[in-house]
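Source file: input-v4.tsv. Holds: TSV, C-alpha atoms.
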chain	number	residue	atom	x	y	z
K	1	MET	CA	0.00	0.00	0.00
K	2	ARG	CA	2.76	2.38	0.91
K	3	TYR	CA	4.46	1.80	-2.44
K	4	LEU	CA	1.23	2.48	-4.29
K	5	ALA	CA	0.49	5.68	-2.36
K	6	LEU	CA	3.96	7.09	-2.94
K	7	PHE	CA	3.82	6.06	-6.61
K	8	ILE	CA	0.54	7.91	-7.15
K	9	LEU	CA	1.82	10.97	-5.32
K	10	THR	CA	5.10	11.22	-7.24
K	11	PHE	CA	3.39	10.49	-10.56
K	12	LEU	CA	0.82	13.25	-9.96
K	13	PHE	CA	3.63	15.61	-9.04
K	14	TRP	CA	5.44	14.75	-12.26
K	15	LEU	CA	2.30	15.32	-14.35
K	16	LEU	CA	1.68	18.72	-12.80
K	17	LEU	CA	5.32	19.71	-13.17
K	18	THR	CA	5.65	18.74	-16.83
K	19	PHE	CA	2.03	19.44	-17.89
K	20	ASP	CA	2.25	17.21	-20.90
K	21	LEU	CA	0.13	14.11	-21.65
K	22	SER	CA	2.14	12.58	-24.53
K	23	VAL	CA	2.97	8.87	-24.28
K	24	ALA	CA	6.73	9.42	-24.01
K	25	ASN	CA	6.27	11.77	-21.08
K	26	LEU	CA	3.89	9.39	-19.29
K	27	VAL	CA	6.35	6.49	-19.67
K	28	ALA	CA	9.30	8.56	-18.45
K	29	GLY	CA	7.30	9.86	-15.49
K	30	GLY	CA	6.01	6.39	-14.65
K	31	ALA	CA	9.52	4.98	-14.65
K	32	ALA	CA	10.86	7.81	-12.47
K	33	ALA	CA	7.93	7.47	-10.04
K	34	LEU	CA	8.41	3.70	-9.88
K	35	ILE	CA	12.11	3.98	-9.05
K	36	THR	CA	11.40	6.69	-6.45
K	37	SER	CA	8.66	4.70	-4.74
K	38	LEU	CA	10.73	1.50	-4.69
K	39	LEU	CA	13.69	3.31	-3.13
K	40	PHE	CA	11.97	5.60	-0.65
K	41	ALA	CA	8.65	4.02	0.35
K	42	LYS	CA	10.21	2.63	3.52
K	43	TYR	CA	10.80	6.19	4.75
K	44	PHE	CA	7.25	7.25	3.91
K	45	LEU	CA	4.26	7.53	6.29
K	46	ASP	CA	3.70	4.55	8.59
K	47	SER	CA	0.06	4.23	7.64
K	48	VAL	CA	-1.16	5.51	4.29
K	49	TYR	CA	-4.79	5.28	5.43
K	50	LYS	CA	-4.21	8.65	7.05
K	51	PHE	CA	-4.67	10.10	3.56
K	52	LEU	CA	-8.32	9.09	3.71
K	53	GLN	CA	-9.20	10.95	6.90
K	54	PRO	CA	-10.77	14.29	5.93
K	55	HIS	CA	-10.17	16.09	9.23
K	56	ARG	CA	-6.42	15.94	8.56
K	57	TYR	CA	-6.85	18.10	5.45
K	58	PHE	CA	-8.68	20.72	7.48
K	59	TRP	CA	-5.83	20.87	10.01
K	60	LEU	CA	-3.33	20.93	7.15
K	61	LEU	CA	-4.98	24.11	5.86
K	62	VAL	CA	-4.91	25.72	9.32
K	63	TYR	CA	-1.27	24.69	9.67
K	64	LEU	CA	-0.36	26.11	6.25
K	65	VAL	CA	-1.94	29.48	7.07
K	66	ILE	CA	0.00	29.66	10.35
K	67	LEU	CA	3.21	28.55	8.65
K	68	ILE	CA	2.96	31.18	5.91
K	69	TRP	CA	2.20	33.91	8.45
K	70	GLU	CA	5.14	32.88	10.64
K	71	CYS	CA	7.35	32.64	7.56
K	72	ILE	CA	6.60	36.23	6.55
K	73	LYS	CA	7.24	37.43	10.12
K	74	ALA	CA	10.51	35.48	10.15
K	75	ASN	CA	11.70	37.09	6.98
K	76	ILE	CA	10.95	40.61	8.15
K	77	ASP	CA	12.74	39.83	11.43
K	78	VAL	CA	15.87	38.48	9.72
K	79	ALA	CA	15.83	41.32	7.19
K	80	TYR	CA	15.74	43.82	10.08
K	81	ARG	CA	18.70	42.15	11.79
K	82	VAL	CA	20.69	42.10	8.56
K	83	LEU	CA	20.05	45.73	7.63
K	84	HIS	CA	20.43	47.24	11.13
K	85	PRO	CA	23.86	48.94	11.32
K	86	ALA	CA	24.69	47.37	14.70
K	87	MET	CA	23.43	43.89	13.69
K	88	PRO	CA	21.47	42.91	16.85
K	89	ILE	CA	22.19	39.18	16.85
K	90	LYS	CA	22.82	36.80	19.76
K	91	PRO	CA	23.24	33.39	18.14
K	92	GLY	CA	23.50	30.02	19.83
K	93	ILE	CA	22.42	26.39	19.64
K	94	VAL	CA	19.67	25.41	22.08
K	95	LYS	CA	17.97	22.10	22.71
K	96	VAL	CA	14.21	21.69	22.63
K	97	LYS	CA	12.18	18.77	23.96
K	98	LEU	CA	10.10	17.04	21.29
K	99	ASP	CA	6.51	16.07	21.92
K	100	LEU	CA	5.89	14.23	18.63
K	101	GLN	CA	6.45	10.50	18.16
K	102	SER	CA	6.35	9.61	14.46
K	103	ASP	CA	9.34	10.32	12.23
K	104	PHE	CA	7.27	12.03	9.56
K	105	ALA	CA	5.74	14.49	12.04
K	106	ARG	CA	9.18	15.20	13.47
K	107	ALA	CA	10.56	15.88	10.02
K	108	MET	CA	7.71	18.29	9.31
K	109	LEU	CA	8.32	20.07	12.61
K	110	ALA	CA	12.03	20.40	11.83
K	111	ASN	CA	11.20	21.80	8.39
K	112	SER	CA	8.76	24.31	9.84
K	113	ILE	CA	11.31	25.40	12.41
K	114	THR	CA	13.91	25.96	9.72
K	115	MET	CA	11.46	28.19	7.85
K	116	THR	CA	10.62	30.46	10.81
K	117	PRO	CA	12.11	33.31	12.89
K	118	GLY	CA	15.87	32.92	12.93
K	119	THR	CA	15.91	29.20	13.68
K	120	ILE	CA	17.54	26.26	11.86
K	121	ALA	CA	17.03	22.66	13.00
K	122	VAL	CA	20.52	21.16	13.24
K	123	ASP	CA	19.95	17.63	14.57
K	124	ILE	CA	17.63	15.30	16.44
K	125	ILE	CA	19.18	13.12	19.13
K	126	ASP	CA	16.82	10.92	21.16
K	127	ASP	CA	13.89	13.15	22.12
K	128	TYR	CA	15.68	16.46	21.76
K	129	LEU	CA	15.83	18.76	18.79
K	130	TYR	CA	18.93	20.95	18.48
K	131	VAL	CA	18.16	24.33	16.98
K	132	HIS	CA	20.44	27.15	15.90
K	133	TRP	CA	18.78	30.38	16.94
K	134	ILE	CA	19.88	33.79	15.66
K	135	TYR	CA	18.63	35.64	18.75
K	136	VAL	CA	18.55	33.61	21.99
K	137	SER	CA	16.13	35.78	23.95
K	138	THR	CA	15.83	33.82	27.20
K	139	ASN	CA	17.94	31.49	29.31
K	140	ASP	CA	15.08	29.32	30.47
K	141	PRO	CA	14.89	25.90	28.73
K	142	GLU	CA	11.12	25.80	29.23
K	143	GLU	CA	10.75	29.00	27.25
K	144	TYR	CA	12.73	27.67	24.28
K	145	GLY	CA	10.16	25.00	23.58
K	146	ARG	CA	7.29	27.42	23.78
K	147	LYS	CA	8.96	30.01	21.58
K	148	ILE	CA	10.40	27.69	18.95
K	149	SER	CA	8.15	24.68	18.50
K	150	GLY	CA	5.04	25.54	20.53
K	151	ARG	CA	3.42	27.40	17.67
K	152	PHE	CA	3.35	24.38	15.36
K	153	GLU	CA	3.39	21.32	17.52
K	154	LYS	CA	-0.32	20.94	18.15
K	155	TYR	CA	-1.27	21.48	14.51
K	156	ILE	CA	1.38	19.08	13.27
K	157	LYS	CA	0.16	16.52	15.78
K	158	LYS	CA	-3.37	16.81	14.46
K	159	THR	CA	-2.32	16.78	10.83
K	160	PHE	CA	0.39	14.15	10.54
K	161	GLU	CA	0.26	11.94	13.60
X	1	MET	CA	-0.42	44.75	-10.92
X	2	ILE	CA	-0.39	42.18	-8.11
X	3	SER	CA	2.28	40.22	-9.96
X	4	THR	CA	4.51	43.31	-10.24
X	5	ILE	CA	4.23	43.97	-6.50
X	6	LEU	CA	4.95	40.34	-5.63
X	7	ILE	CA	7.97	40.14	-7.93
X	8	THR	CA	9.34	43.43	-6.53
X	9	ILE	CA	9.00	42.14	-2.96
X	10	GLY	CA	10.66	38.88	-4.00
X	11	VAL	CA	13.65	40.59	-5.59
X	12	LEU	CA	14.01	42.87	-2.54
X	13	PHE	CA	14.08	39.91	-0.15
X	14	ASN	CA	16.59	38.07	-2.31
X	15	LEU	CA	18.77	41.20	-2.22
X	16	ILE	CA	18.52	41.36	1.59
X	17	GLY	CA	19.42	37.68	1.74
X	18	CYS	CA	22.57	38.36	-0.26
X	19	ILE	CA	23.50	41.34	1.94
X	20	GLY	CA	23.04	39.11	4.98
X	21	LEU	CA	25.24	36.46	3.44
X	22	ILE	CA	28.06	39.01	3.34
X	23	ARG	CA	27.44	40.87	6.61
X	24	LEU	CA	26.66	38.12	9.13
X	25	PRO	CA	29.63	36.66	11.04
X	26	ASP	CA	29.65	32.85	10.80
X	27	VAL	CA	28.41	29.89	8.73
X	28	TYR	CA	25.29	29.25	10.77
X	29	ASN	CA	24.06	32.84	10.75
X	30	ARG	CA	24.80	33.15	7.06
X	31	LEU	CA	22.70	30.05	6.46
X	32	GLN	CA	19.82	31.71	8.29
X	33	SER	CA	19.90	34.66	5.95
X	34	ALA	CA	20.48	32.60	2.81
X	35	THR	CA	17.67	30.12	3.44
X	36	LYS	CA	14.99	32.43	4.80
X	37	CYS	CA	15.25	35.48	2.65
X	38	GLY	CA	16.11	33.31	-0.34
X	39	THR	CA	13.06	31.13	0.09
X	40	LEU	CA	10.48	33.83	0.75
X	41	GLY	CA	12.00	35.95	-2.01
X	42	THR	CA	11.91	33.17	-4.57
X	43	CYS	CA	8.45	31.94	-3.48
X	44	SER	CA	7.16	35.46	-3.86
X	45	ILE	CA	8.62	35.73	-7.37
X	46	LEU	CA	6.97	32.39	-8.25
X	47	ALA	CA	3.63	33.59	-6.84
X	48	GLY	CA	4.05	36.69	-8.97
X	49	ALA	CA	4.54	34.47	-12.02
X	50	LEU	CA	1.36	32.57	-11.08
X	51	PHE	CA	-0.65	35.79	-10.98
X	52	HIS	CA	0.90	36.99	-14.21
X	53	TYR	CA	0.12	33.85	-16.24
X	54	GLY	CA	-3.04	32.71	-14.45
X	55	LEU	CA	-3.92	29.03	-14.10
X	56	VAL	CA	-2.36	27.81	-17.35
X	57	ASP	CA	0.63	25.45	-17.54
X	58	ALA	CA	3.32	28.00	-16.67
X	59	GLY	CA	1.33	29.27	-13.66
X	60	ILE	CA	0.69	25.80	-12.30
X	61	LYS	CA	4.36	24.91	-12.70
X	62	ALA	CA	5.25	27.99	-10.67
X	63	LEU	CA	2.79	26.92	-7.97
X	64	ILE	CA	4.21	23.38	-7.87
X	65	ALA	CA	7.76	24.72	-7.60
X	66	ILE	CA	6.92	26.39	-4.26
X	67	PRO	CA	6.64	23.19	-2.14
X	68	LEU	CA	9.66	21.79	-4.00
X	69	LEU	CA	11.68	24.85	-3.01
X	70	PHE	CA	10.30	24.71	0.53
X	71	PHE	CA	11.50	21.15	1.12
X	72	GLY	CA	14.72	21.60	-0.83
X	73	ALA	CA	15.85	24.74	1.00
X	74	THR	CA	15.03	23.47	4.49
X	75	VAL	CA	16.70	20.10	4.01
X	76	ALA	CA	19.76	21.77	2.46
X	77	ALA	CA	20.02	24.24	5.36
X	78	HIS	CA	19.77	21.46	7.91
X	79	ALA	CA	22.35	19.31	6.11
X	80	LEU	CA	24.80	22.21	5.71
X	81	ALA	CA	24.48	23.27	9.36
X	82	ARG	CA	24.91	19.74	10.67
X	83	GLY	CA	27.72	18.99	8.25
X	84	ALA	CA	29.56	22.19	9.17
X	85	TYR	CA	29.27	21.40	12.88
X	86	HIS	CA	30.57	17.85	12.48
X	87	PHE	CA	33.36	19.08	10.22
X	88	GLY	CA	34.50	21.29	13.11
X	89	VAL	CA	33.40	24.80	12.11
X	90	LYS	CA	33.17	26.83	15.32
X	91	LEU	CA	30.26	29.06	16.21
X	92	GLY	CA	31.09	32.78	15.89
X	93	ASP	CA	32.43	34.96	18.71
X	94	LYS	CA	29.05	36.52	19.36
X	95	SER	CA	27.44	33.17	20.21
X	96	VAL	CA	25.98	32.92	23.68
X	97	LYS	CA	25.10	29.25	24.00
X	98	ASP	CA	25.96	25.80	22.62
X	99	ASP	CA	23.90	22.88	23.87
X	100	TYR	CA	24.89	20.72	20.90
X	101	LYS	CA	28.52	20.43	22.06
X	102	ASP	CA	27.56	18.05	24.89
X	103	ALA	CA	25.42	15.90	22.62
X	104	VAL	CA	28.16	15.14	20.06
X	105	LYS	CA	31.42	14.08	21.65
Show this structure as structure tokens.
Amino acid sequence: MRYLALFILTFLFWLLLTFDLSVANLVAGGAAALITSLLFAKYFLDSVYKFLQPHRYFWLLVYLVILIWECIKANIDVAYRVLHPAMPIKPGIVKVKLDLQSDFARAMLANSITMTPGTIAVDIIDDYLYVHWIYVSTNDPEEYGRKISGRFEKYIKKTFE
Amino acid sequence: MISTILITIGVLFNLIGCIGLIRLPDVYNRLQSATKCGTLGTCSILAGALFHYGLVDAGIKALIAIPLLFFGATVAAHALARGAYHFGVKLGDKSVKDDYKDAVK
């Protein structure tokens, strides 16, 4: 099932990207999607039946809106720090406790963190996420979690887990 | 009109990203500027292209390129940061904290 789901997804992606329904293109796309799904299906979602649960799509939309909003805020924040003559940065690597269990949800959280205010996910070791932060504003480990991952965690949990 | 505004914003953010790449002190901070401003800038240019062409093939391709760029840029930033740390690149002088040092011996 996993292989089939990933095959359909990659093939659809190919069709939208090339926008061409000639036979040669369909064969090339099918072959590429087949190789991709054979190689990477084992890293895909644990249960593909999650695709069939409509409430997940609703939470995905809510999550996307929040992500885009945070992303715009992040960019304005980084742009301000770059253009300010004194460059108000206070960088450091902090560790954040993870609340999510599945690998896919963790990967999505790490991606969202990399896209938002001055933070890059560097590594995950055990249950901790290591994050490079351009402006470490507090010294309290409890606050890190709330400031960095708290905004997304509950939506990601509802969408992907 | 909307497409012109979006493309202008995109080019501006890409410019700021490049300025940040030069001004910021170390690898990790430069990555911040390169990934964030680069991604929003480029996504905004692509959205501008979508509005310019409408929902024909070129517009839809621009729309599909946005998630591709989103995943590509984030994974690349993560891999570069982690790779740089394991290679032994030190955090800059301004850094205030390093929890990762204890985790990797």
Which polymer residues have any atom within 12 Å of an atom of Ala79 of chain X, counting only C-alpha atoms, with same-chain residues fewer than 3 positions away left out, as a compact mmCIF listing (two decimals) with C-alpha atoms, in the coordinates of the input?
# COMPACT_ATOMS: atom_id res chain seq x y z
CA ALA K 110 12.03 20.40 11.83
CA ASN K 111 11.20 21.80 8.39
CA THR K 114 13.91 25.96 9.72
CA ILE K 120 17.54 26.26 11.86
CA ALA K 121 17.03 22.66 13.00
CA VAL K 122 20.52 21.16 13.24
CA ASP K 123 19.95 17.63 14.57
CA TYR X 28 25.29 29.25 10.77
CA LEU X 31 22.70 30.05 6.46
CA GLY X 72 14.72 21.60 -0.83
CA ALA X 73 15.85 24.74 1.00
CA THR X 74 15.03 23.47 4.49
CA VAL X 75 16.70 20.10 4.01
CA ALA X 76 19.76 21.77 2.46
CA ARG X 82 24.91 19.74 10.67
CA GLY X 83 27.72 18.99 8.25
CA ALA X 84 29.56 22.19 9.17
CA TYR X 85 29.27 21.40 12.88
CA HIS X 86 30.57 17.85 12.48
CA PHE X 87 33.36 19.08 10.22
Excluding Ser137 of chain K and residues on its chain fewer than 4 positions from it, collect all residues at most 12 Å away from it, counting all atoms listed in the file, and give them as a compact mmCIF listing (two decimals) with C-alpha atoms, in the coordinates of the input.
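Generated output (selection-v1.txt):
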# COMPACT_ATOMS: atom_id res chain seq x y z
CA PRO K 88 21.47 42.91 16.85
CA ILE K 89 22.19 39.18 16.85
CA LYS K 90 22.82 36.80 19.76
CA PRO K 91 23.24 33.39 18.14
CA GLY K 92 23.50 30.02 19.83
CA VAL K 94 19.67 25.41 22.08
CA GLY K 118 15.87 32.92 12.93
CA TRP K 133 18.78 30.38 16.94
CA PRO K 141 14.89 25.90 28.73
CA GLU K 143 10.75 29.00 27.25
CA TYR K 144 12.73 27.67 24.28
CA LYS K 147 8.96 30.01 21.58
CA ILE K 148 10.40 27.69 18.95
CA VAL X 96 25.98 32.92 23.68
CA LYS X 97 25.10 29.25 24.00
If I take atom CA of Met1 of chain X and atom CA of Phe13 of chain K, how far is one from the other in Å, to one decimal?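 Pair atom CA of Met1 of chain X / atom CA of Phe13 of chain K returns 29.5 Å.
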One decimal place gives the atom CA of Ile134 of chain K-atom CA of Arg106 of chain K separation as 21.6 Å
Best match for closeness to Asp26 of chain X among X:His78, X:Lys90, X:Lys61, X:Lys101, counting all atoms listed in the file: X:Lys90
Using only C-alpha atoms, find each residue of chain X with at least one atom at most 9 Å away from an atom of chain K; report its shortest atom-to-atom pair and that distance in Å (one decimal), sort the rows by chain and rising residue number, and return the result as JSON lines.
{"residue": "X:Phe13", "atom": "CA", "partner": "K:Ala79", "partner_atom": "CA", "distance": 7.7}
{"residue": "X:Ile16", "atom": "CA", "partner": "K:Ala79", "partner_atom": "CA", "distance": 6.2}
{"residue": "X:Gly17", "atom": "CA", "partner": "K:Ala79", "partner_atom": "CA", "distance": 7.5}
{"residue": "X:Ile19", "atom": "CA", "partner": "K:Val82", "partner_atom": "CA", "distance": 7.2}
{"residue": "X:Gly20", "atom": "CA", "partner": "K:Val82", "partner_atom": "CA", "distance": 5.2}
{"residue": "X:Leu21", "atom": "CA", "partner": "K:Val82", "partner_atom": "CA", "distance": 8.9}
{"residue": "X:Arg23", "atom": "CA", "partner": "K:Val82", "partner_atom": "CA", "distance": 7.1}
{"residue": "X:Leu24", "atom": "CA", "partner": "K:Val82", "partner_atom": "CA", "distance": 7.2}
{"residue": "X:Tyr28", "atom": "CA", "partner": "K:His132", "partner_atom": "CA", "distance": 7.4}
{"residue": "X:Asn29", "atom": "CA", "partner": "K:Ile134", "partner_atom": "CA", "distance": 6.5}
{"residue": "X:Leu31", "atom": "CA", "partner": "K:Ile120", "partner_atom": "CA", "distance": 8.4}
{"residue": "X:Gln32", "atom": "CA", "partner": "K:Gly118", "partner_atom": "CA", "distance": 6.2}
{"residue": "X:Ser33", "atom": "CA", "partner": "K:Val78", "partner_atom": "CA", "distance": 6.7}
{"residue": "X:Thr35", "atom": "CA", "partner": "K:Met115", "partner_atom": "CA", "distance": 7.9}
{"residue": "X:Lys36", "atom": "CA", "partner": "K:Asn75", "partner_atom": "CA", "distance": 6.1}
{"residue": "X:Cys37", "atom": "CA", "partner": "K:Asn75", "partner_atom": "CA", "distance": 5.8}
{"residue": "X:Thr39", "atom": "CA", "partner": "K:Met115", "partner_atom": "CA", "distance": 8.5}
{"residue": "X:Leu40", "atom": "CA", "partner": "K:Asn75", "partner_atom": "CA", "distance": 7.1}
{"residue": "X:Asp57", "atom": "CA", "partner": "K:Phe19", "partner_atom": "CA", "distance": 6.2}
{"residue": "X:Ala58", "atom": "CA", "partner": "K:Phe19", "partner_atom": "CA", "distance": 8.7}
{"residue": "X:Ile60", "atom": "CA", "partner": "K:Leu16", "partner_atom": "CA", "distance": 7.2}
{"residue": "X:Lys61", "atom": "CA", "partner": "K:Leu17", "partner_atom": "CA", "distance": 5.3}
{"residue": "X:Ala62", "atom": "CA", "partner": "K:Leu17", "partner_atom": "CA", "distance": 8.6}
{"residue": "X:Ile64", "atom": "CA", "partner": "K:Leu17", "partner_atom": "CA", "distance": 6.5}
{"residue": "X:Ala65", "atom": "CA", "partner": "K:Leu17", "partner_atom": "CA", "distance": 7.9}
{"residue": "X:Phe70", "atom": "CA", "partner": "K:Met115", "partner_atom": "CA", "distance": 8.2}
{"residue": "X:Phe71", "atom": "CA", "partner": "K:Asn111", "partner_atom": "CA", "distance": 7.3}
{"residue": "X:Ala73", "atom": "CA", "partner": "K:Met115", "partner_atom": "CA", "distance": 8.8}
{"residue": "X:Thr74", "atom": "CA", "partner": "K:Asn111", "partner_atom": "CA", "distance": 5.7}
{"residue": "X:Val75", "atom": "CA", "partner": "K:Asn111", "partner_atom": "CA", "distance": 7.2}
{"residue": "X:Ala77", "atom": "CA", "partner": "K:Ile120", "partner_atom": "CA", "distance": 7.2}
{"residue": "X:His78", "atom": "CA", "partner": "K:Val122", "partner_atom": "CA", "distance": 5.4}
{"residue": "X:Ala79", "atom": "CA", "partner": "K:Val122", "partner_atom": "CA", "distance": 7.6}
{"residue": "X:Leu80", "atom": "CA", "partner": "K:Val122", "partner_atom": "CA", "distance": 8.7}
{"residue": "X:Ala81", "atom": "CA", "partner": "K:Val122", "partner_atom": "CA", "distance": 5.9}
{"residue": "X:Arg82", "atom": "CA", "partner": "K:Val122", "partner_atom": "CA", "distance": 5.3}
{"residue": "X:Tyr85", "atom": "CA", "partner": "K:Val122", "partner_atom": "CA", "distance": 8.8}
{"residue": "X:Leu91", "atom": "CA", "partner": "K:Gly92", "partner_atom": "CA", "distance": 7.7}
{"residue": "X:Gly92", "atom": "CA", "partner": "K:Pro91", "partner_atom": "CA", "distance": 8.2}
{"residue": "X:Lys94", "atom": "CA", "partner": "K:Lys90", "partner_atom": "CA", "distance": 6.2}
{"residue": "X:Ser95", "atom": "CA", "partner": "K:Pro91", "partner_atom": "CA", "distance": 4.7}
{"residue": "X:Val96", "atom": "CA", "partner": "K:Gly92", "partner_atom": "CA", "distance": 5.4}
{"residue": "X:Lys97", "atom": "CA", "partner": "K:Gly92", "partner_atom": "CA", "distance": 4.5}
{"residue": "X:Asp98", "atom": "CA", "partner": "K:Ile93", "partner_atom": "CA", "distance": 4.7}
{"residue": "X:Asp99", "atom": "CA", "partner": "K:Val94", "partner_atom": "CA", "distance": 5.2}
{"residue": "X:Tyr100", "atom": "CA", "partner": "K:Ile93", "partner_atom": "CA", "distance": 6.3}
{"residue": "X:Lys101", "atom": "CA", "partner": "K:Ile93", "partner_atom": "CA", "distance": 8.9}
{"residue": "X:Ala103", "atom": "CA", "partner": "K:Ile125", "partner_atom": "CA", "distance": 7.7}
Using all atoms listed in the file, what residues lie at most 6 Å away from (19.7, 33.5, -1.5) (file coordinates), given as a ChimeraX atom specification? /X:14,17-18,34,38
Keeping C-alpha atoms, export the residues of the selection given above as a PDB file, in the coordinates of the input.
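Produced file selection_6.pdb, reproduced below:
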ATOM      1  CA  ASN X  14      16.590  38.070  -2.310  1.00  0.00           C
ATOM      2  CA  GLY X  17      19.420  37.680   1.740  1.00  0.00           C
ATOM      3  CA  CYS X  18      22.570  38.360  -0.260  1.00  0.00           C
ATOM      4  CA  ALA X  34      20.480  32.600   2.810  1.00  0.00           C
ATOM      5  CA  GLY X  38      16.110  33.310  -0.340  1.00  0.00           C
TER       6      GLY X  38
END
Please indicate the distance in Å from atom CA of Ile22 of chain X to atom CA of Ile45 of chain X, rounded to one decimal place.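 It comes out at 22.4 Å.
Checking X:Pro67, X:Gly54, X:Gly59, X:Gly41 one by one against Val11 of chain X, counting all atoms listed in the file, you find the shortest gap at X:Gly41.
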Quick one: of X:Val56, X:Leu69, X:Leu63, X:Ile5, who's nearest to Thr42 of chain X, counting only C-alpha atoms?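 Answer, going by the shortest atom-to-atom distance: X:Leu69.
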